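input13.pdb follows (PDB, N, CA and C atoms, pLDDT in the B column):
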```pdb
ATOM      1  N   MET A 122     -64.632 -76.879   9.801  1.00 42.00           N
ATOM      2  CA  MET A 122     -64.928 -78.068   9.044  1.00 42.00           C
ATOM      3  C   MET A 122     -63.879 -79.127   9.370  1.00 42.00           C
ATOM      4  N   LYS A 123     -64.335 -80.295   9.722  1.00 45.00           N
ATOM      5  CA  LYS A 123     -63.441 -81.393  10.055  1.00 45.00           C
ATOM      6  C   LYS A 123     -62.978 -82.104   8.781  1.00 45.00           C
ATOM      7  N   PRO A 124     -61.759 -82.655   8.808  1.00 46.00           N
ATOM      8  CA  PRO A 124     -61.303 -83.412   7.637  1.00 46.00           C
ATOM      9  C   PRO A 124     -62.068 -84.724   7.510  1.00 46.00           C
ATOM     10  N   LYS A 125     -62.152 -85.192   6.303  1.00 52.00           N
ATOM     11  CA  LYS A 125     -62.841 -86.452   6.054  1.00 52.00           C
ATOM     12  C   LYS A 125     -62.046 -87.591   6.676  1.00 52.00           C
ATOM     13  N   SER A 126     -62.741 -88.547   7.235  1.00 53.00           N
ATOM     14  CA  SER A 126     -62.057 -89.712   7.788  1.00 53.00           C
ATOM     15  C   SER A 126     -61.635 -90.624   6.642  1.00 53.00           C
ATOM     16  N   GLN A 127     -60.435 -91.145   6.762  1.00 53.00           N
ATOM     17  CA  GLN A 127     -59.930 -92.034   5.718  1.00 53.00           C
ATOM     18  C   GLN A 127     -60.198 -93.475   6.121  1.00 53.00           C
ATOM     19  N   LYS A 128     -60.668 -94.225   5.167  1.00 59.00           N
ATOM     20  CA  LYS A 128     -60.951 -95.625   5.421  1.00 59.00           C
ATOM     21  C   LYS A 128     -59.642 -96.399   5.380  1.00 59.00           C
ATOM     22  N   LYS A 129     -59.492 -97.324   6.306  1.00 61.00           N
ATOM     23  CA  LYS A 129     -58.294 -98.152   6.368  1.00 61.00           C
ATOM     24  C   LYS A 129     -58.414 -99.251   5.334  1.00 61.00           C
ATOM     25  N   ARG A 130     -57.412 -99.337   4.466  1.00 60.00           N
ATOM     26  CA  ARG A 130     -57.390-100.383   3.440  1.00 60.00           C
ATOM     27  C   ARG A 130     -56.291-101.385   3.773  1.00 60.00           C
ATOM     28  N   GLY A 131     -56.336-102.507   3.135  1.00 60.00           N
ATOM     29  CA  GLY A 131     -55.327-103.534   3.334  1.00 60.00           C
ATOM     30  C   GLY A 131     -54.026-103.229   2.613  1.00 60.00           C
ATOM     31  N   GLN A 132     -53.999-102.149   1.819  1.00 64.00           N
ATOM     32  CA  GLN A 132     -52.814-101.809   1.051  1.00 64.00           C
ATOM     33  C   GLN A 132     -51.915-100.862   1.842  1.00 64.00           C
ATOM     34  N   ILE A 133     -50.645-100.859   1.500  1.00 64.00           N
ATOM     35  CA  ILE A 133     -49.701 -99.923   2.091  1.00 64.00           C
ATOM     36  C   ILE A 133     -49.826 -98.602   1.337  1.00 64.00           C
ATOM     37  N   ASP A 134     -49.905 -97.516   2.090  1.00 69.00           N
ATOM     38  CA  ASP A 134     -50.002 -96.188   1.479  1.00 69.00           C
ATOM     39  C   ASP A 134     -48.613 -95.788   0.989  1.00 69.00           C
ATOM     40  N   LEU A 135     -48.482 -95.462  -0.272  1.00 68.00           N
ATOM     41  CA  LEU A 135     -47.195 -95.144  -0.886  1.00 68.00           C
ATOM     42  C   LEU A 135     -46.519 -93.954  -0.233  1.00 68.00           C
ATOM     43  N   PHE A 136     -47.276 -92.940   0.171  1.00 75.00           N
ATOM     44  CA  PHE A 136     -46.691 -91.711   0.683  1.00 75.00           C
ATOM     45  C   PHE A 136     -46.597 -91.668   2.203  1.00 75.00           C
ATOM     46  N   ASN A 137     -47.071 -92.679   2.893  1.00 77.00           N
ATOM     47  CA  ASN A 137     -46.988 -92.724   4.350  1.00 77.00           C
ATOM     48  C   ASN A 137     -46.173 -93.910   4.840  1.00 77.00           C
ATOM     49  N   THR A 138     -45.199 -94.328   4.053  1.00 78.00           N
ATOM     50  CA  THR A 138     -44.338 -95.431   4.436  1.00 78.00           C
ATOM     51  C   THR A 138     -43.294 -94.939   5.439  1.00 78.00           C
ATOM     52  N   PRO A 139     -43.107 -95.641   6.556  1.00 81.00           N
ATOM     53  CA  PRO A 139     -42.094 -95.220   7.526  1.00 81.00           C
ATOM     54  C   PRO A 139     -40.692 -95.221   6.896  1.00 81.00           C
ATOM     55  N   LEU A 140     -39.882 -94.263   7.298  1.00 80.00           N
ATOM     56  CA  LEU A 140     -38.547 -94.121   6.728  1.00 80.00           C
ATOM     57  C   LEU A 140     -37.698 -95.366   6.982  1.00 80.00           C
ATOM     58  N   ALA A 141     -37.841 -95.972   8.139  1.00 79.00           N
ATOM     59  CA  ALA A 141     -37.057 -97.164   8.466  1.00 79.00           C
ATOM     60  C   ALA A 141     -37.321 -98.302   7.486  1.00 79.00           C
ATOM     61  N   ASP A 142     -38.507 -98.336   6.902  1.00 84.00           N
ATOM     62  CA  ASP A 142     -38.821 -99.379   5.919  1.00 84.00           C
ATOM     63  C   ASP A 142     -38.161 -99.119   4.575  1.00 84.00           C
ATOM     64  N   LEU A 143     -37.767 -97.885   4.308  1.00 85.00           N
ATOM     65  CA  LEU A 143     -37.153 -97.534   3.028  1.00 85.00           C
ATOM     66  C   LEU A 143     -35.636 -97.680   3.053  1.00 85.00           C
ATOM     67  N   LEU A 144     -35.048 -97.682   4.248  1.00 87.00           N
ATOM     68  CA  LEU A 144     -33.591 -97.740   4.380  1.00 87.00           C
ATOM     69  C   LEU A 144     -33.112 -99.165   4.561  1.00 87.00           C
ATOM     70  N   SER A 145     -31.889 -99.410   4.130  1.00 91.00           N
ATOM     71  CA  SER A 145     -31.294-100.731   4.275  1.00 91.00           C
ATOM     72  C   SER A 145     -30.543-100.810   5.601  1.00 91.00           C
ATOM     73  N   PRO A 146     -30.912-101.739   6.482  1.00 91.00           N
ATOM     74  CA  PRO A 146     -30.210-101.870   7.760  1.00 91.00           C
ATOM     75  C   PRO A 146     -28.766-102.354   7.600  1.00 91.00           C
ATOM     76  N   ARG A 147     -28.393-102.803   6.415  1.00 93.00           N
ATOM     77  CA  ARG A 147     -27.015-103.243   6.178  1.00 93.00           C
ATOM     78  C   ARG A 147     -26.091-102.098   5.788  1.00 93.00           C
ATOM     79  N   HIS A 148     -26.660-100.927   5.484  1.00 89.00           N
ATOM     80  CA  HIS A 148     -25.841 -99.789   5.077  1.00 89.00           C
ATOM     81  C   HIS A 148     -25.027 -99.292   6.266  1.00 89.00           C
ATOM     82  N   GLU A 149     -23.763 -98.909   6.006  1.00 87.00           N
ATOM     83  CA  GLU A 149     -22.860 -98.524   7.099  1.00 87.00           C
ATOM     84  C   GLU A 149     -23.312 -97.266   7.850  1.00 87.00           C
ATOM     85  N   LEU A 150     -23.945 -96.316   7.162  1.00 82.00           N
ATOM     86  CA  LEU A 150     -24.430 -95.123   7.857  1.00 82.00           C
ATOM     87  C   LEU A 150     -25.648 -95.429   8.727  1.00 82.00           C
ATOM     88  N   TYR A 151     -26.472 -96.343   8.300  1.00 86.00           N
ATOM     89  CA  TYR A 151     -27.614 -96.792   9.103  1.00 86.00           C
ATOM     90  C   TYR A 151     -27.113 -97.451  10.386  1.00 86.00           C
ATOM     91  N   GLN A 152     -26.099 -98.298  10.249  1.00 89.00           N
ATOM     92  CA  GLN A 152     -25.537 -98.971  11.415  1.00 89.00           C
ATOM     93  C   GLN A 152     -24.828 -97.987  12.345  1.00 89.00           C
ATOM     94  N   LEU A 153     -24.133 -97.011  11.774  1.00 86.00           N
ATOM     95  CA  LEU A 153     -23.459 -95.995  12.578  1.00 86.00           C
ATOM     96  C   LEU A 153     -24.463 -95.172  13.377  1.00 86.00           C
ATOM     97  N   ALA A 154     -25.576 -94.823  12.769  1.00 85.00           N
ATOM     98  CA  ALA A 154     -26.604 -94.042  13.468  1.00 85.00           C
ATOM     99  C   ALA A 154     -27.174 -94.804  14.663  1.00 85.00           C
ATOM    100  N   ASN A 155     -27.204 -96.124  14.575  1.00 88.00           N
ATOM    101  CA  ASN A 155     -27.690 -96.922  15.703  1.00 88.00           C
ATOM    102  C   ASN A 155     -26.639 -97.090  16.795  1.00 88.00           C
ATOM    103  N   LEU A 156     -25.366 -96.857  16.488  1.00 91.00           N
ATOM    104  CA  LEU A 156     -24.302 -96.981  17.483  1.00 91.00           C
ATOM    105  C   LEU A 156     -24.098 -95.703  18.304  1.00 91.00           C
ATOM    106  N   ILE A 157     -24.509 -94.579  17.771  1.00 88.00           N
ATOM    107  CA  ILE A 157     -24.301 -93.297  18.448  1.00 88.00           C
ATOM    108  C   ILE A 157     -25.337 -93.135  19.551  1.00 88.00           C
ATOM    109  N   HIS A 158     -24.884 -92.712  20.729  1.00 90.00           N
ATOM    110  CA  HIS A 158     -25.778 -92.430  21.855  1.00 90.00           C
ATOM    111  C   HIS A 158     -26.252 -90.984  21.704  1.00 90.00           C
ATOM    112  N   TRP A 159     -27.404 -90.795  21.067  1.00 86.00           N
ATOM    113  CA  TRP A 159     -27.883 -89.467  20.715  1.00 86.00           C
ATOM    114  C   TRP A 159     -28.244 -88.635  21.945  1.00 86.00           C
ATOM    115  N   GLN A 160     -28.714 -89.261  23.025  1.00 87.00           N
ATOM    116  CA  GLN A 160     -29.069 -88.505  24.230  1.00 87.00           C
ATOM    117  C   GLN A 160     -27.821 -87.899  24.866  1.00 87.00           C
ATOM    118  N   VAL A 161     -26.725 -88.640  24.867  1.00 89.00           N
ATOM    119  CA  VAL A 161     -25.465 -88.124  25.416  1.00 89.00           C
ATOM    120  C   VAL A 161     -24.958 -86.974  24.549  1.00 89.00           C
ATOM    121  N   LEU A 162     -25.037 -87.135  23.247  1.00 85.00           N
ATOM    122  CA  LEU A 162     -24.615 -86.080  22.332  1.00 85.00           C
ATOM    123  C   LEU A 162     -25.481 -84.826  22.494  1.00 85.00           C
ATOM    124  N   ASP A 163     -26.786 -85.022  22.718  1.00 83.00           N
ATOM    125  CA  ASP A 163     -27.680 -83.887  22.992  1.00 83.00           C
ATOM    126  C   ASP A 163     -27.236 -83.132  24.247  1.00 83.00           C
ATOM    127  N   ALA A 164     -26.920 -83.877  25.295  1.00 83.00           N
ATOM    128  CA  ALA A 164     -26.526 -83.247  26.554  1.00 83.00           C
ATOM    129  C   ALA A 164     -25.197 -82.502  26.414  1.00 83.00           C
ATOM    130  N   LEU A 165     -24.249 -83.081  25.681  1.00 83.00           N
ATOM    131  CA  LEU A 165     -22.941 -82.452  25.522  1.00 83.00           C
ATOM    132  C   LEU A 165     -22.982 -81.220  24.621  1.00 83.00           C
ATOM    133  N   SER A 166     -23.839 -81.235  23.621  1.00 78.00           N
ATOM    134  CA  SER A 166     -23.874 -80.126  22.678  1.00 78.00           C
ATOM    135  C   SER A 166     -24.912 -79.066  23.028  1.00 78.00           C
ATOM    136  N   SER A 167     -25.683 -79.276  24.078  1.00 74.00           N
ATOM    137  CA  SER A 167     -26.768 -78.343  24.391  1.00 74.00           C
ATOM    138  C   SER A 167     -26.267 -76.947  24.745  1.00 74.00           C
ATOM    139  N   GLU A 168     -25.081 -76.841  25.325  1.00 74.00           N
ATOM    140  CA  GLU A 168     -24.577 -75.513  25.676  1.00 74.00           C
ATOM    141  C   GLU A 168     -24.118 -74.721  24.447  1.00 74.00           C
ATOM    142  N   PHE A 169     -23.800 -75.411  23.361  1.00 73.00           N
ATOM    143  CA  PHE A 169     -23.336 -74.733  22.152  1.00 73.00           C
ATOM    144  C   PHE A 169     -24.486 -74.372  21.212  1.00 73.00           C
ATOM    145  N   PHE A 170     -25.529 -75.176  21.205  1.00 66.00           N
ATOM    146  CA  PHE A 170     -26.676 -74.958  20.326  1.00 66.00           C
ATOM    147  C   PHE A 170     -27.895 -74.648  21.183  1.00 66.00           C
ATOM    148  N   THR A 171     -27.981 -73.437  21.664  1.00 66.00           N
ATOM    149  CA  THR A 171     -29.085 -73.035  22.539  1.00 66.00           C
ATOM    150  C   THR A 171     -30.203 -72.388  21.728  1.00 66.00           C
ATOM    151  N   VAL A 172     -31.338 -72.224  22.375  1.00 66.00           N
ATOM    152  CA  VAL A 172     -32.495 -71.629  21.722  1.00 66.00           C
ATOM    153  C   VAL A 172     -32.275 -70.126  21.561  1.00 66.00           C
ATOM    154  N   ASN A 173     -32.437 -69.662  20.341  1.00 66.00           N
ATOM    155  CA  ASN A 173     -32.377 -68.242  20.032  1.00 66.00           C
ATOM    156  C   ASN A 173     -33.816 -67.724  20.057  1.00 66.00           C
ATOM    157  N   GLN A 174     -33.999 -66.477  20.331  1.00 62.00           N
ATOM    158  CA  GLN A 174     -35.361 -65.949  20.377  1.00 62.00           C
ATOM    159  C   GLN A 174     -36.009 -65.953  18.999  1.00 62.00           C
ATOM    160  N   ASP A 175     -35.222 -65.927  17.961  1.00 67.00           N
ATOM    161  CA  ASP A 175     -35.773 -65.857  16.615  1.00 67.00           C
ATOM    162  C   ASP A 175     -36.019 -67.219  15.976  1.00 67.00           C
ATOM    163  N   ALA A 176     -35.312 -68.232  16.428  1.00 66.00           N
ATOM    164  CA  ALA A 176     -35.440 -69.529  15.787  1.00 66.00           C
ATOM    165  C   ALA A 176     -35.316 -70.652  16.810  1.00 66.00           C
ATOM    166  N   PRO A 177     -36.050 -71.739  16.621  1.00 67.00           N
ATOM    167  CA  PRO A 177     -35.917 -72.874  17.527  1.00 67.00           C
ATOM    168  C   PRO A 177     -34.632 -73.644  17.243  1.00 67.00           C
ATOM    169  N   THR A 178     -34.212 -74.461  18.204  1.00 71.00           N
ATOM    170  CA  THR A 178     -33.015 -75.275  17.998  1.00 71.00           C
ATOM    171  C   THR A 178     -33.306 -76.378  16.987  1.00 71.00           C
ATOM    172  N   LEU A 179     -32.271 -76.838  16.349  1.00 75.00           N
ATOM    173  CA  LEU A 179     -32.385 -77.927  15.387  1.00 75.00           C
ATOM    174  C   LEU A 179     -32.047 -79.237  16.078  1.00 75.00           C
ATOM    175  N   PRO A 180     -32.580 -80.341  15.603  1.00 81.00           N
ATOM    176  CA  PRO A 180     -32.247 -81.639  16.199  1.00 81.00           C
ATOM    177  C   PRO A 180     -30.760 -81.948  16.045  1.00 81.00           C
ATOM    178  N   THR A 181     -30.196 -82.617  17.055  1.00 82.00           N
ATOM    179  CA  THR A 181     -28.774 -82.946  17.048  1.00 82.00           C
ATOM    180  C   THR A 181     -28.411 -83.815  15.853  1.00 82.00           C
ATOM    181  N   ARG A 182     -29.283 -84.728  15.479  1.00 84.00           N
ATOM    182  CA  ARG A 182     -29.010 -85.590  14.313  1.00 84.00           C
ATOM    183  C   ARG A 182     -28.851 -84.768  13.042  1.00 84.00           C
ATOM    184  N   LEU A 183     -29.662 -83.735  12.892  1.00 83.00           N
ATOM    185  CA  LEU A 183     -29.581 -82.886  11.713  1.00 83.00           C
ATOM    186  C   LEU A 183     -28.267 -82.108  11.701  1.00 83.00           C
ATOM    187  N   ILE A 184     -27.884 -81.560  12.828  1.00 81.00           N
ATOM    188  CA  ILE A 184     -26.632 -80.803  12.925  1.00 81.00           C
ATOM    189  C   ILE A 184     -25.440 -81.723  12.673  1.00 81.00           C
ATOM    190  N   ALA A 185     -25.457 -82.902  13.297  1.00 81.00           N
ATOM    191  CA  ALA A 185     -24.341 -83.844  13.146  1.00 81.00           C
ATOM    192  C   ALA A 185     -24.216 -84.346  11.713  1.00 81.00           C
ATOM    193  N   SER A 186     -25.324 -84.525  11.021  1.00 80.00           N
ATOM    194  CA  SER A 186     -25.244 -85.024   9.646  1.00 80.00           C
ATOM    195  C   SER A 186     -24.844 -83.931   8.662  1.00 80.00           C
ATOM    196  N   ASN A 187     -25.116 -82.683   8.981  1.00 82.00           N
ATOM    197  CA  ASN A 187     -24.764 -81.591   8.073  1.00 82.00           C
ATOM    198  C   ASN A 187     -23.339 -81.086   8.243  1.00 82.00           C
ATOM    199  N   MET A 188     -22.707 -81.335   9.382  1.00 80.00           N
ATOM    200  CA  MET A 188     -21.344 -80.847   9.597  1.00 80.00           C
ATOM    201  C   MET A 188     -20.340 -81.419   8.596  1.00 80.00           C
ATOM    202  N   PRO A 189     -20.316 -82.720   8.335  1.00 79.00           N
ATOM    203  CA  PRO A 189     -19.367 -83.217   7.312  1.00 79.00           C
ATOM    204  C   PRO A 189     -19.641 -82.644   5.927  1.00 79.00           C
ATOM    205  N   LEU A 190     -20.904 -82.443   5.595  1.00 76.00           N
ATOM    206  CA  LEU A 190     -21.228 -81.849   4.294  1.00 76.00           C
ATOM    207  C   LEU A 190     -20.726 -80.418   4.209  1.00 76.00           C
ATOM    208  N   ASN A 191     -20.841 -79.697   5.304  1.00 74.00           N
ATOM    209  CA  ASN A 191     -20.383 -78.308   5.334  1.00 74.00           C
ATOM    210  C   ASN A 191     -18.871 -78.235   5.127  1.00 74.00           C
ATOM    211  N   PHE A 192     -18.125 -79.115   5.797  1.00 74.00           N
ATOM    212  CA  PHE A 192     -16.677 -79.091   5.670  1.00 74.00           C
ATOM    213  C   PHE A 192     -16.199 -79.594   4.310  1.00 74.00           C
ATOM    214  N   SER A 193     -16.957 -80.514   3.691  1.00 69.00           N
ATOM    215  CA  SER A 193     -16.517 -81.054   2.418  1.00 69.00           C
ATOM    216  C   SER A 193     -16.760 -80.081   1.262  1.00 69.00           C
ATOM    217  N   THR A 194     -17.739 -79.195   1.402  1.00 69.00           N
ATOM    218  CA  THR A 194     -18.026 -78.243   0.328  1.00 69.00           C
ATOM    219  C   THR A 194     -17.336 -76.898   0.532  1.00 69.00           C
ATOM    220  N   GLU A 195     -16.791 -76.671   1.719  1.00 61.00           N
ATOM    221  CA  GLU A 195     -16.138 -75.399   2.021  1.00 61.00           C
ATOM    222  C   GLU A 195     -14.722 -75.389   1.447  1.00 61.00           C
ATOM    223  N   ARG A 196     -14.368 -74.320   0.742  1.00 59.00           N
ATOM    224  CA  ARG A 196     -12.996 -74.187   0.207  1.00 59.00           C
ATOM    225  C   ARG A 196     -12.581 -72.768   0.240  1.00 59.00           C
TER     226      ARG A 196
END
```

This entry written out as structure tokens:
Amino acid sequence: MKPKSQKKRGQIDLFNTPLADLLSPRHELYQLANLIHWQVLDALSSEFFTVNQDAPTLPTRLIASNMPLNFSTER
């Protein structure tokens, strides 16, 4: 059974809003994320975060954003 086709309305869908539209481009973390060369970071970290047979690799952005949280909560 195919899903029903959704009619396009002139309204913005509340639950399908792009994330970039919800974030403030003036926020310092937003600006920092645009300054980082993510492809270079992917290439440099690829040897440390390789594919395991049991689980796929995680995106570099996710790993990089969780590292400070991990160190700040560890005691």

*In file coordinates, which residues lie within 12 Å of (-26.2, -85.2, 17.2) using only C-alpha atoms, given as a list in words?*
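I get Ala154, Asn155, Leu156, Ile157, His158, Trp159, Gln160, Val161, Leu162, Asp163, Ala164, Leu165, Ser166, Ser167, Phe169, Phe170, Leu179, Pro180, Thr181, Arg182, Leu183, Ile184, Ala185, Ser186, Asn187 and Met188 of chain A for the residues within 12 Å of that point.
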
*How far is it from atom CA of A:Tyr151 to atom CA of A:Thr178, in Å with one decimal?*
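Those two atoms sit 23.9 Å apart.
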
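In this structure, atom CA of A:Leu144 sits 23.5 Å away from atom CA of A:Asn191.
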
*Tell me, in Å to one decimal, how far atom CA of A:Ser145 is from atom CA of A:Pro189.*
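Taking atom CA of A:Ser145 and atom CA of A:Pro189, their separation equals 21.4 Å.
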